[in-house]
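**Q** Pasting start_9.csv below, which is CSV, C-alpha atoms.
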```csv
chain,number,residue,atom,x,y,z
A,1,MET,CA,23.7,6.5,-12.7
A,2,LYS,CA,20.7,4.2,-12.2
A,3,GLY,CA,22.3,2.6,-9.3
A,4,ILE,CA,22.2,5.9,-7.5
A,5,LYS,CA,18.5,6.3,-8.1
A,6,ILE,CA,17.3,3.5,-5.8
A,7,LEU,CA,13.7,4.2,-5.6
A,8,VAL,CA,13.5,7.9,-6.2
A,9,VAL,CA,10.5,7.9,-3.9
A,10,PHE,CA,13.0,8.2,-1.0
A,11,SER,CA,13.9,11.7,-2.1
A,12,ILE,CA,10.2,12.5,-1.6
A,13,LEU,CA,10.2,10.6,1.7
A,14,SER,CA,13.1,12.7,3.0
A,15,LEU,CA,11.2,15.8,1.9
A,16,PHE,CA,8.2,14.7,3.9
A,17,SER,CA,10.3,13.3,6.8
A,18,ALA,CA,9.4,9.6,6.4
A,19,CYS,CA,6.2,10.1,4.5
A,20,GLU,CA,4.8,12.9,6.5
A,21,LYS,CA,5.6,16.4,7.4
A,22,VAL,CA,3.5,18.5,9.9
A,23,LEU,CA,2.9,21.9,8.3
A,24,MET,CA,3.1,25.0,10.5
A,25,LEU,CA,-0.1,26.0,12.2
A,26,ASN,CA,-1.8,28.8,10.4
A,27,ASP,CA,-2.9,32.0,12.1
A,28,LEU,CA,-6.6,31.6,11.5
A,29,PRO,CA,-8.9,31.6,14.6
A,30,GLY,CA,-9.9,28.0,15.4
A,31,THR,CA,-13.6,28.5,14.7
A,32,ALA,CA,-15.7,25.7,13.2
A,33,THR,CA,-16.2,27.6,9.9
A,34,ASN,CA,-12.5,28.4,9.6
A,35,THR,CA,-11.6,24.8,10.4
A,36,PHE,CA,-14.0,23.3,7.8
A,37,GLY,CA,-13.1,25.8,5.1
A,38,TYR,CA,-9.3,25.4,5.6
A,39,LEU,CA,-9.5,21.6,5.4
A,40,TRP,CA,-11.7,21.7,2.3
A,41,GLN,CA,-9.3,24.2,0.6
A,42,LYS,CA,-6.1,22.3,1.5
A,43,VAL,CA,-7.5,19.1,0.0
A,44,ASP,CA,-8.7,21.0,-3.1
A,45,GLU,CA,-5.2,22.5,-3.6
A,46,GLN,CA,-3.0,19.6,-2.7
A,47,TYR,CA,-4.8,16.2,-2.9
A,48,SER,CA,-3.4,14.1,-5.8
A,49,MET,CA,-6.1,11.6,-6.5
A,50,PHE,CA,-9.1,13.5,-7.8
A,51,ASP,CA,-8.7,12.1,-11.3
A,52,VAL,CA,-9.0,8.4,-10.1
A,53,LYS,CA,-11.6,9.0,-7.4
A,54,GLY,CA,-14.2,10.7,-9.5
A,55,VAL,CA,-15.2,13.2,-6.8
A,56,ASP,CA,-16.9,16.6,-7.4
A,57,TRP,CA,-15.1,18.4,-4.6
A,58,VAL,CA,-17.1,21.6,-5.1
A,59,ALA,CA,-20.4,19.6,-4.7
A,60,VAL,CA,-19.0,18.1,-1.5
A,61,TYR,CA,-18.4,21.5,-0.1
A,62,ASP,CA,-21.9,22.7,-1.2
A,63,SER,CA,-23.6,19.8,0.5
A,64,LEU,CA,-21.7,19.9,3.8
A,65,ARG,CA,-21.0,23.6,4.4
A,66,PRO,CA,-24.5,24.4,5.5
A,67,LEU,CA,-24.0,21.9,8.4
A,68,VAL,CA,-21.2,24.0,9.9
A,69,TYR,CA,-21.6,27.0,12.1
A,70,ASP,CA,-19.5,28.7,14.7
A,71,GLY,CA,-20.2,27.5,18.2
A,72,MET,CA,-21.1,24.0,17.2
A,73,ASP,CA,-19.6,21.3,19.5
A,74,ASN,CA,-16.4,19.5,18.5
A,75,ASP,CA,-18.1,16.1,18.1
A,76,SER,CA,-20.5,17.5,15.5
A,77,LEU,CA,-17.7,19.4,13.6
A,78,PHE,CA,-15.5,16.3,13.6
A,79,SER,CA,-18.3,14.3,12.2
A,80,VAL,CA,-18.9,16.7,9.3
A,81,CYS,CA,-15.2,17.0,8.5
A,82,ALA,CA,-14.9,13.2,8.6
A,83,ARG,CA,-17.9,12.8,6.3
A,84,MET,CA,-16.2,15.2,3.8
A,85,LEU,CA,-12.9,13.2,3.8
A,86,ASN,CA,-14.7,9.9,3.6
A,87,VAL,CA,-16.0,10.9,0.2
A,88,LEU,CA,-12.5,10.4,-1.1
A,89,ARG,CA,-12.5,6.6,-0.3
A,90,ASP,CA,-8.8,6.8,0.5
A,91,GLY,CA,-7.0,4.8,3.2
A,92,HIS,CA,-4.3,7.5,3.4
A,93,VAL,CA,-6.8,10.2,4.3
A,94,ASN,CA,-7.4,10.8,8.0
A,95,LEU,CA,-8.5,13.4,10.5
A,96,TYR,CA,-7.0,13.3,14.0
A,97,SER,CA,-8.3,14.9,17.1
A,98,ALA,CA,-7.4,14.2,20.8
A,99,TYR,CA,-10.4,11.9,21.1
A,100,ASP,CA,-11.0,10.4,17.6
A,101,VAL,CA,-9.5,9.4,14.3
A,102,SER,CA,-11.4,9.3,11.0
A,103,ARG,CA,-10.7,6.7,8.3
A,104,SER,CA,-12.1,5.6,5.0
A,105,ASP,CA,-14.8,3.2,5.9
A,106,SER,CA,-15.0,1.6,2.5
A,107,ILE,CA,-11.3,0.9,2.3
A,108,TYR,CA,-11.1,-0.7,5.8
A,109,TYR,CA,-14.2,-2.7,5.0
A,110,ASN,CA,-12.3,-4.2,2.1
A,111,PHE,CA,-9.3,-4.9,4.3
A,112,TYR,CA,-11.2,-7.0,6.8
A,113,ARG,CA,-14.2,-8.4,4.9
A,114,GLU,CA,-12.6,-9.2,1.6
A,115,SER,CA,-9.1,-10.3,2.6
A,116,ASP,CA,-8.2,-13.8,1.3
A,117,PHE,CA,-5.9,-14.8,4.1
A,118,ASP,CA,-6.6,-17.2,7.0
A,119,ALA,CA,-3.6,-17.1,9.4
A,120,ASP,CA,-4.7,-20.2,11.3
A,121,ALA,CA,-4.9,-22.4,8.2
A,122,VAL,CA,-1.5,-21.1,6.9
A,123,VAL,CA,0.3,-21.8,10.2
A,124,LEU,CA,-1.3,-25.2,10.7
A,125,ASN,CA,-1.1,-26.5,7.1
A,126,TYR,CA,1.7,-24.7,5.4
A,127,LEU,CA,4.2,-23.0,7.7
A,128,GLY,CA,3.8,-25.8,10.2
A,129,ILE,CA,4.5,-25.7,13.9
A,130,ASN,CA,8.3,-26.0,13.1
A,131,TYR,CA,8.4,-22.9,10.9
A,132,HIS,CA,11.3,-20.4,11.1
A,133,GLN,CA,11.2,-16.7,11.7
A,134,THR,CA,13.9,-14.5,10.1
A,135,GLY,CA,13.3,-10.8,10.7
A,136,GLY,CA,9.7,-10.0,9.7
A,137,VAL,CA,9.4,-13.1,7.5
A,138,ALA,CA,8.0,-16.5,8.6
A,139,HIS,CA,9.2,-19.3,6.3
A,140,ASN,CA,9.4,-23.0,5.6
A,141,SER,CA,9.5,-25.3,2.6
A,142,LEU,CA,6.6,-27.0,0.8
A,143,CYS,CA,6.5,-30.0,-1.6
A,144,ASP,CA,9.5,-31.8,-0.1
A,145,GLY,CA,11.7,-28.7,-0.1
A,146,ARG,CA,11.0,-27.8,-3.7
A,147,VAL,CA,9.1,-24.6,-2.9
A,148,ILE,CA,10.0,-21.9,-0.4
A,149,TYR,CA,7.0,-20.5,1.4
A,150,ALA,CA,7.6,-17.0,2.9
A,151,ARG,CA,4.9,-15.2,4.7
A,152,TYR,CA,5.5,-11.4,5.1
A,153,GLY,CA,2.5,-9.9,6.9
A,154,SER,CA,3.6,-6.3,7.2
A,155,PHE,CA,6.0,-3.9,5.6
A,156,SER,CA,6.4,-2.4,9.0
A,157,SER,CA,8.2,-5.5,10.1
A,158,GLY,CA,11.9,-5.1,9.4
A,159,VAL,CA,13.7,-7.5,7.1
A,160,SER,CA,17.2,-7.0,5.8
A,161,VAL,CA,18.8,-8.0,2.5
A,162,GLY,CA,21.1,-10.3,4.5
A,163,GLN,CA,18.1,-12.0,6.2
A,164,LEU,CA,16.4,-12.5,2.9
A,165,ARG,CA,19.5,-14.1,1.4
A,166,TYR,CA,19.7,-16.4,4.4
A,167,ILE,CA,16.1,-17.6,3.7
A,168,ILE,CA,17.0,-18.4,0.1
A,169,ASN,CA,20.2,-20.2,1.0
A,170,ALA,CA,18.3,-22.3,3.7
A,171,TYR,CA,16.4,-24.1,0.9
A,172,PRO,CA,19.0,-25.3,-1.6
A,173,LYS,CA,16.6,-27.7,-3.3
A,174,ALA,CA,13.9,-25.0,-4.0
A,175,GLU,CA,12.7,-24.6,-7.5
A,176,GLY,CA,10.9,-21.4,-6.7
A,177,MET,CA,9.4,-19.2,-4.0
A,178,ILE,CA,6.0,-18.2,-2.8
A,179,LEU,CA,6.0,-14.7,-1.2
A,180,ASP,CA,2.7,-14.3,0.6
A,181,ILE,CA,1.8,-10.7,1.4
A,182,ARG,CA,-1.9,-11.1,1.6
A,183,GLY,CA,-3.5,-9.0,4.3
A,184,ASN,CA,-0.4,-6.7,4.3
A,185,GLY,CA,-1.6,-3.2,5.1
A,186,GLY,CA,1.8,-1.6,4.2
A,187,GLY,CA,4.6,0.1,6.2
A,188,SER,CA,8.1,1.1,5.3
A,189,LEU,CA,9.1,1.5,1.6
A,190,GLU,CA,12.6,0.7,2.7
A,191,ASN,CA,11.5,-2.9,3.1
A,192,VAL,CA,10.2,-2.8,-0.5
A,193,VAL,CA,13.7,-2.1,-1.6
A,194,HIS,CA,15.1,-4.9,0.5
A,195,LEU,CA,12.7,-7.4,-1.1
A,196,LEU,CA,13.6,-6.2,-4.5
A,197,SER,CA,17.3,-6.5,-3.7
A,198,ILE,CA,17.2,-10.3,-4.0
A,199,MET,CA,15.5,-10.3,-7.4
A,200,PRO,CA,17.3,-10.2,-10.8
A,201,SER,CA,18.1,-6.6,-11.5
A,202,ASN,CA,20.2,-4.3,-13.6
A,203,GLY,CA,18.6,-1.1,-12.3
A,204,GLN,CA,15.5,-1.4,-14.5
A,205,HIS,CA,12.7,1.1,-14.5
A,206,LEU,CA,10.0,0.3,-11.9
A,207,TYR,CA,7.5,3.2,-12.0
A,208,ASP,CA,7.2,7.0,-12.0
A,209,SER,CA,6.0,9.4,-9.4
A,210,GLN,CA,4.5,12.9,-9.6
A,211,ILE,CA,3.9,15.6,-7.0
A,212,ARG,CA,0.8,17.8,-7.1
A,213,SER,CA,2.2,21.2,-8.0
A,214,GLY,CA,-0.7,23.6,-8.7
A,215,ARG,CA,-4.2,24.5,-7.7
A,216,GLY,CA,-5.7,22.7,-10.6
A,217,HIS,CA,-6.7,19.1,-9.8
A,218,ASP,CA,-4.6,18.0,-12.8
A,219,ASP,CA,-1.6,20.1,-12.1
A,220,PHE,CA,1.4,17.8,-11.4
A,221,GLY,CA,5.2,18.2,-11.6
A,222,PRO,CA,7.3,16.2,-14.0
A,223,LEU,CA,7.4,12.4,-13.9
A,224,GLN,CA,10.2,11.2,-11.6
A,225,PRO,CA,11.4,7.7,-12.6
A,226,THR,CA,12.1,5.1,-9.9
A,227,TYR,CA,14.7,2.4,-10.6
A,228,ALA,CA,15.4,-1.0,-9.1
A,229,PRO,CA,18.4,-1.5,-6.8
A,230,ILE,CA,21.5,-2.9,-8.5
A,231,VAL,CA,22.0,-6.5,-7.4
A,232,ASN,CA,25.1,-8.6,-7.5
A,233,GLU,CA,24.5,-11.4,-9.9
A,234,ASN,CA,25.7,-14.0,-7.4
A,235,SER,CA,23.1,-13.0,-4.9
A,236,MET,CA,20.1,-12.9,-7.2
A,237,PHE,CA,17.2,-15.3,-6.9
A,238,ASN,CA,16.6,-16.2,-10.5
A,239,LYS,CA,14.0,-18.9,-10.0
A,240,PRO,CA,10.2,-18.3,-10.3
A,241,VAL,CA,8.6,-16.2,-7.6
A,242,ILE,CA,4.9,-16.0,-7.1
A,243,VAL,CA,3.7,-13.1,-5.0
A,244,LEU,CA,0.3,-13.6,-3.4
A,245,VAL,CA,-1.9,-10.5,-3.0
A,246,ASP,CA,-5.5,-9.7,-2.0
A,247,LYS,CA,-7.8,-6.9,-1.0
A,248,GLY,CA,-6.0,-6.7,2.3
A,249,CYS,CA,-2.9,-5.3,0.6
A,250,TYR,CA,-2.5,-1.5,0.8
A,251,SER,CA,0.1,1.2,0.6
A,252,ALA,CA,3.7,-0.2,0.5
A,253,ALA,CA,2.2,-3.7,-0.4
A,254,SER,CA,0.6,-2.1,-3.5
A,255,VAL,CA,3.9,-0.4,-4.3
A,256,PHE,CA,5.6,-3.7,-4.2
A,257,ALA,CA,2.9,-5.2,-6.4
A,258,ILE,CA,3.4,-2.7,-9.2
A,259,CYS,CA,7.2,-3.2,-9.0
A,260,THR,CA,6.7,-6.8,-9.9
A,261,GLN,CA,5.8,-5.7,-13.5
A,262,ALA,CA,9.5,-5.1,-14.0
A,263,TYR,CA,10.7,-8.6,-13.2
A,264,ASP,CA,10.4,-11.5,-15.6
A,265,ASN,CA,10.6,-14.1,-12.9
A,266,ILE,CA,7.8,-12.7,-10.7
A,267,THR,CA,4.1,-13.5,-11.1
A,268,LEU,CA,1.4,-11.6,-9.1
A,269,MET,CA,-1.4,-14.0,-8.1
A,270,GLY,CA,-4.6,-13.5,-6.1
A,271,ASP,CA,-7.1,-10.7,-5.9
A,272,THR,CA,-6.7,-7.0,-6.8
A,273,THR,CA,-5.1,-5.0,-4.0
A,274,SER,CA,-6.8,-2.0,-2.3
A,275,GLY,CA,-4.3,0.4,-3.8
A,276,GLY,CA,-2.9,3.3,-1.7
A,277,LEU,CA,0.0,4.4,-3.9
A,278,GLY,CA,0.3,8.1,-2.9
A,279,LEU,CA,2.5,9.5,-0.2
A,280,PRO,CA,0.6,11.4,2.4
A,281,LEU,CA,1.4,14.9,3.8
A,282,THR,CA,0.2,15.9,7.3
A,283,GLY,CA,-0.9,19.4,8.4
A,284,VAL,CA,-2.6,21.2,11.2
A,285,LEU,CA,-6.1,22.8,11.1
A,286,PRO,CA,-6.9,26.1,12.8
A,287,ASN,CA,-8.4,24.4,15.8
A,288,GLY,CA,-5.4,22.2,16.3
A,289,TRP,CA,-6.6,19.0,14.8
A,290,GLN,CA,-4.3,17.3,12.3
A,291,TYR,CA,-5.1,15.9,8.9
A,292,ARG,CA,-3.3,13.8,6.2
A,293,PHE,CA,-3.9,13.0,2.6
A,294,PRO,CA,-1.7,12.0,-0.4
A,295,VAL,CA,0.0,14.7,-2.5
A,296,THR,CA,1.7,12.4,-4.9
A,297,ARG,CA,0.6,9.8,-7.5
A,298,THR,CA,2.3,6.7,-8.9
A,299,ILE,CA,2.3,5.7,-12.5
A,300,ALA,CA,3.0,2.0,-13.3
A,301,LEU,CA,5.2,0.8,-16.2
A,302,ASP,CA,2.0,0.2,-18.3
A,303,GLY,CA,1.1,3.9,-17.8
A,304,GLN,CA,-1.8,3.2,-15.4
A,305,ASN,CA,-2.5,4.8,-12.0
A,306,TYR,CA,-3.5,1.9,-9.8
A,307,GLU,CA,-4.5,4.0,-6.8
A,308,ASN,CA,-7.8,2.1,-6.5
A,309,GLY,CA,-6.1,-1.3,-6.7
A,310,VAL,CA,-3.3,-3.2,-8.5
A,311,PRO,CA,-4.7,-6.2,-10.5
A,312,PRO,CA,-2.9,-9.5,-10.3
A,313,ASP,CA,-1.3,-11.3,-13.3
A,314,VAL,CA,-3.3,-14.4,-12.3
A,315,TYR,CA,-6.7,-13.7,-10.7
A,316,LEU,CA,-7.6,-16.3,-8.1
A,317,ARG,CA,-9.8,-15.9,-5.0
A,318,LEU,CA,-9.6,-18.0,-1.9
A,319,ASP,CA,-12.0,-21.0,-1.9
A,320,LYS,CA,-13.4,-20.5,1.6
A,321,GLN,CA,-15.5,-23.7,1.3
A,322,MET,CA,-12.3,-25.8,0.6
A,323,LEU,CA,-10.6,-24.0,3.4
A,324,HIS,CA,-13.4,-24.9,5.8
A,325,ASP,CA,-13.8,-28.5,4.7
A,326,GLU,CA,-10.2,-29.5,4.1
A,327,GLY,CA,-8.0,-26.8,5.6
A,328,ARG,CA,-6.5,-26.2,2.2
A,329,ASP,CA,-5.6,-22.7,0.8
A,330,ASN,CA,-6.2,-23.1,-2.9
A,331,VAL,CA,-4.2,-20.0,-3.7
A,332,ILE,CA,-1.1,-21.4,-2.1
A,333,ASP,CA,-1.7,-24.8,-3.7
A,334,SER,CA,-2.1,-23.2,-7.1
A,335,ALA,CA,1.1,-21.2,-6.7
A,336,CYS,CA,3.0,-24.4,-5.8
A,337,ALA,CA,1.6,-26.2,-8.8
A,338,ARG,CA,2.6,-23.3,-11.1
A,339,ILE,CA,6.2,-23.3,-9.8
A,340,LEU,CA,6.6,-27.0,-10.1
A,341,SER,CA,5.1,-27.1,-13.6
A,342,ARG,CA,8.0,-25.0,-14.8
```
As structure tokens, how would this structure be written, given the file I've shared?
**A**
Amino acid sequence: MKGIKILVVFSILSLFSACEKVLMLNDLPGTATNTFGYLWQKVDEQYSMFDVKGVDWVAVYDSLRPLVYDGMDNDSLFSVCARMLNVLRDGHVNLYSAYDVSRSDSIYYNFYRESDFDADAVVLNYLGINYHQTGGVAHNSLCDGRVIYARYGSFSSGVSVGQLRYIINAYPKAEGMILDIRGNGGGSLENVVHLLSIMPSNGQHLYDSQIRSGRGHDDFGPLQPTYAPIVNENSMFNKPVIVLVDKGCYSAASVFAICTQAYDNITLMGDTTSGGLGLPLTGVLPNGWQYRFPVTRTIALDGQNYENGVPPDVYLRLDKQMLHDEGRDNVIDSACARILSR
């Protein structure tokens, strides 16, 4: 039975048509006051992260509603609506018009300022100029072939189970693998399943999901368990795997990070991710603009909602001075040492 329930989140995905479903346009006139009020109400009734964001949504309305009046220009209205959504500090919350897109400034600030990944150093000193590219994964071996280094920069980049098995088989002397997903802003959850499909599994429990189901901010449907894909024992990678994460990891990258709790051979190393574990729903405002925000929440095996960031098993920040002086990435070096010490 568990083998059928391969990431129950995909039943939600099908409901939302690949994470998003555009709701039918309502019949309200597209005035500024209607547009602002409709957006506030939809977030109030459907947004799934109020409990972890600590936002007083009524106070947000009270502070911004006086700035909205019918006849105001679109730029000003967009600015006020974007300010309202920005209070949520959520990278899955956006407002779309024909001429602009709002985003959570604090989340994107973390992506770019606090990411612990330097692509140039990795290519020059770890992947090497003779590295291989299989699907969305760049890879090579370290430490005389004893460690596989696999760099996966985006879950939007396709990688099949067959391609992942090819990578593993290409390094027969490997004693373990480093899977570097630092700076990975997310993408397709299907690729999460593919990565998990090479790990030791008997269909174990990975996490639970809930959909916002009522007008109360704490009203959620029942917990829906998500299970790992069943894996043929002969195709499992049973050796140590260290997954490298940082503040640049979001959405599907954070989902993958919480899934690692279910695997004895996987260690999460680096910095806390930027979260983003809810699935977004998209709708249309009375004036034709579109919005999106999460309507689900994800509960990890330890019972926690890591929407604001998944903590690593081993906390380690990039030593930027060492990187500058020696071209060495201390996070990768530490991961190698940990694998070889076993």
**Q** Counting only C-alpha atoms, which residues come within 7 Å of (-9.7, -10.8, -5.8), with the point read in the file's coordinates, and could you list them as an NGL selection string?
**A** :A and (246-247 or 270-272 or 315-317)
**Q** Please report as CSV every residue of range 93-148 of chain A lying within 10 Å of range 288-297 of chain A, along with the nearest atom pair and their distance in Å (one decimal), using all atoms listed in the file.
**A**
```
residue,atom,partner,partner_atom,distance
A:Val93,CA,A:Phe293,CA,4.4
A:Asn94,CA,A:Arg292,CA,5.4
A:Leu95,CA,A:Tyr291,CA,4.5
A:Tyr96,CA,A:Gln290,CA,5.1
A:Ser97,CA,A:Trp289,CA,5.0
A:Ala98,CA,A:Trp289,CA,7.7
A:Val101,CA,A:Tyr291,CA,9.5
A:Ser102,CA,A:Tyr291,CA,9.4
```
**Q** Fewer than 3 positions away in the same chain doesn't count, so skip those; otherwise give me all residues within 8 Å of Asp180 in chain A, counting all atoms listed in the file, as a short mmCIF file (atom, residue, chain, number, x, y, z; two decimals) with C-alpha atoms, in the coordinates of the input.
**A**
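This is the output file result.cif:
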```cif
data_model
loop_
_atom_site.label_atom_id
_atom_site.label_comp_id
_atom_site.auth_asym_id
_atom_site.auth_seq_id
_atom_site.Cartn_x
_atom_site.Cartn_y
_atom_site.Cartn_z
CA TYR A 149 7.00 -20.50 1.40
CA ALA A 150 7.60 -17.00 2.90
CA ARG A 151 4.90 -15.20 4.70
CA TYR A 152 5.50 -11.40 5.10
CA GLY A 153 2.50 -9.90 6.90
CA VAL A 243 3.70 -13.10 -5.00
CA LEU A 244 0.30 -13.60 -3.40
CA VAL A 245 -1.90 -10.50 -3.00
#
```
**Q** Counting all atoms listed in the file, find the residues whose atoms lie at most 12 Å from (11.3, -26.7, -6.1) (file coordinates) and write them out as an NGL selection string.
**A** :A and (141-149 or 168 or 171-178 or 239-241 or 335-342)
**Q** I'd like the neighbourhood of range 116-122 of chain A as a JSON list (two decimals) with C-alpha atoms, in the coordinates of the input, where a residue qualifies if any of its atoms comes within 7 Å (using all atoms listed in the file), though same-chain residues fewer than 3 positions away should be ignored.
**A**
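The file below, around10.json, is the result:
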```json
[["chain", "number", "residue", "atom", "x", "y", "z"],
["A", 125, "ASN", "CA", -1.10, -26.50, 7.10],
["A", 126, "TYR", "CA", 1.70, -24.70, 5.40],
["A", 127, "LEU", "CA", 4.20, -23.00, 7.70],
["A", 182, "ARG", "CA", -1.90, -11.10, 1.60],
["A", 183, "GLY", "CA", -3.50, -9.00, 4.30],
["A", 246, "ASP", "CA", -5.50, -9.70, -2.00],
["A", 317, "ARG", "CA", -9.80, -15.90, -5.00],
["A", 318, "LEU", "CA", -9.60, -18.00, -1.90],
["A", 327, "GLY", "CA", -8.00, -26.80, 5.60]]
```
**Q** Do a neighbour search on range 73-80 of chain A at 12 Å with all atoms listed in the file, toss out local chain neighbours closer than 2 positions, and write the hits as a ChimeraX atom specification.
**A** /A:30-37,39-40,60-61,63-71,82-87,94-103,285,287-291
**Q** Record the distance separating CA of Arg89 in chain A and CA of Ser115 in chain A, expressed in Å with one decimal.
**A**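 Between these atoms lies a distance of 17.5 Å.
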**Q** Could you state the separation of CA of Ser197 in chain A and CA of Ile167 in chain A in Å, given to one decimal place?
**A**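 Distance reported for this atom pair: 13.4 Å.
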**Q** Please list as a list in words every residue within 8 Å of Gly186 in chain A, counting only C-alpha atoms and excluding residues in the same chain fewer than 2 positions away.
**A**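 The filter keeps Ser154, Phe155, Ser156, Asn184, Ser188, Cys249, Tyr250, Ser251, Ala252, Ala253 and Ser254 of chain A.
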**Q** Have a look at CA of Phe220 in chain A and CA of Gly278 in chain A and let me know their distance in Å, one decimal.
**A**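 According to the coordinates, CA of Phe220 in chain A and CA of Gly278 in chain A are separated by 12.9 Å.
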**Q** I need the residue nearest Gln210 in chain A from this list: A:Ile230, A:Val314, A:Leu164, A:Met49. Use all atoms listed in the file for the distance.
**A**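 Of A:Ile230, A:Val314, A:Leu164, A:Met49, the one nearest Gln210 in chain A is A:Met49, counting all atoms listed in the file.
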**Q** Give me the residues within 8 Å of Gly221 in chain A as a ChimeraX atom specification, counting all atoms listed in the file and dropping any in the same chain fewer than 4 places off.
**A** /A:210-213
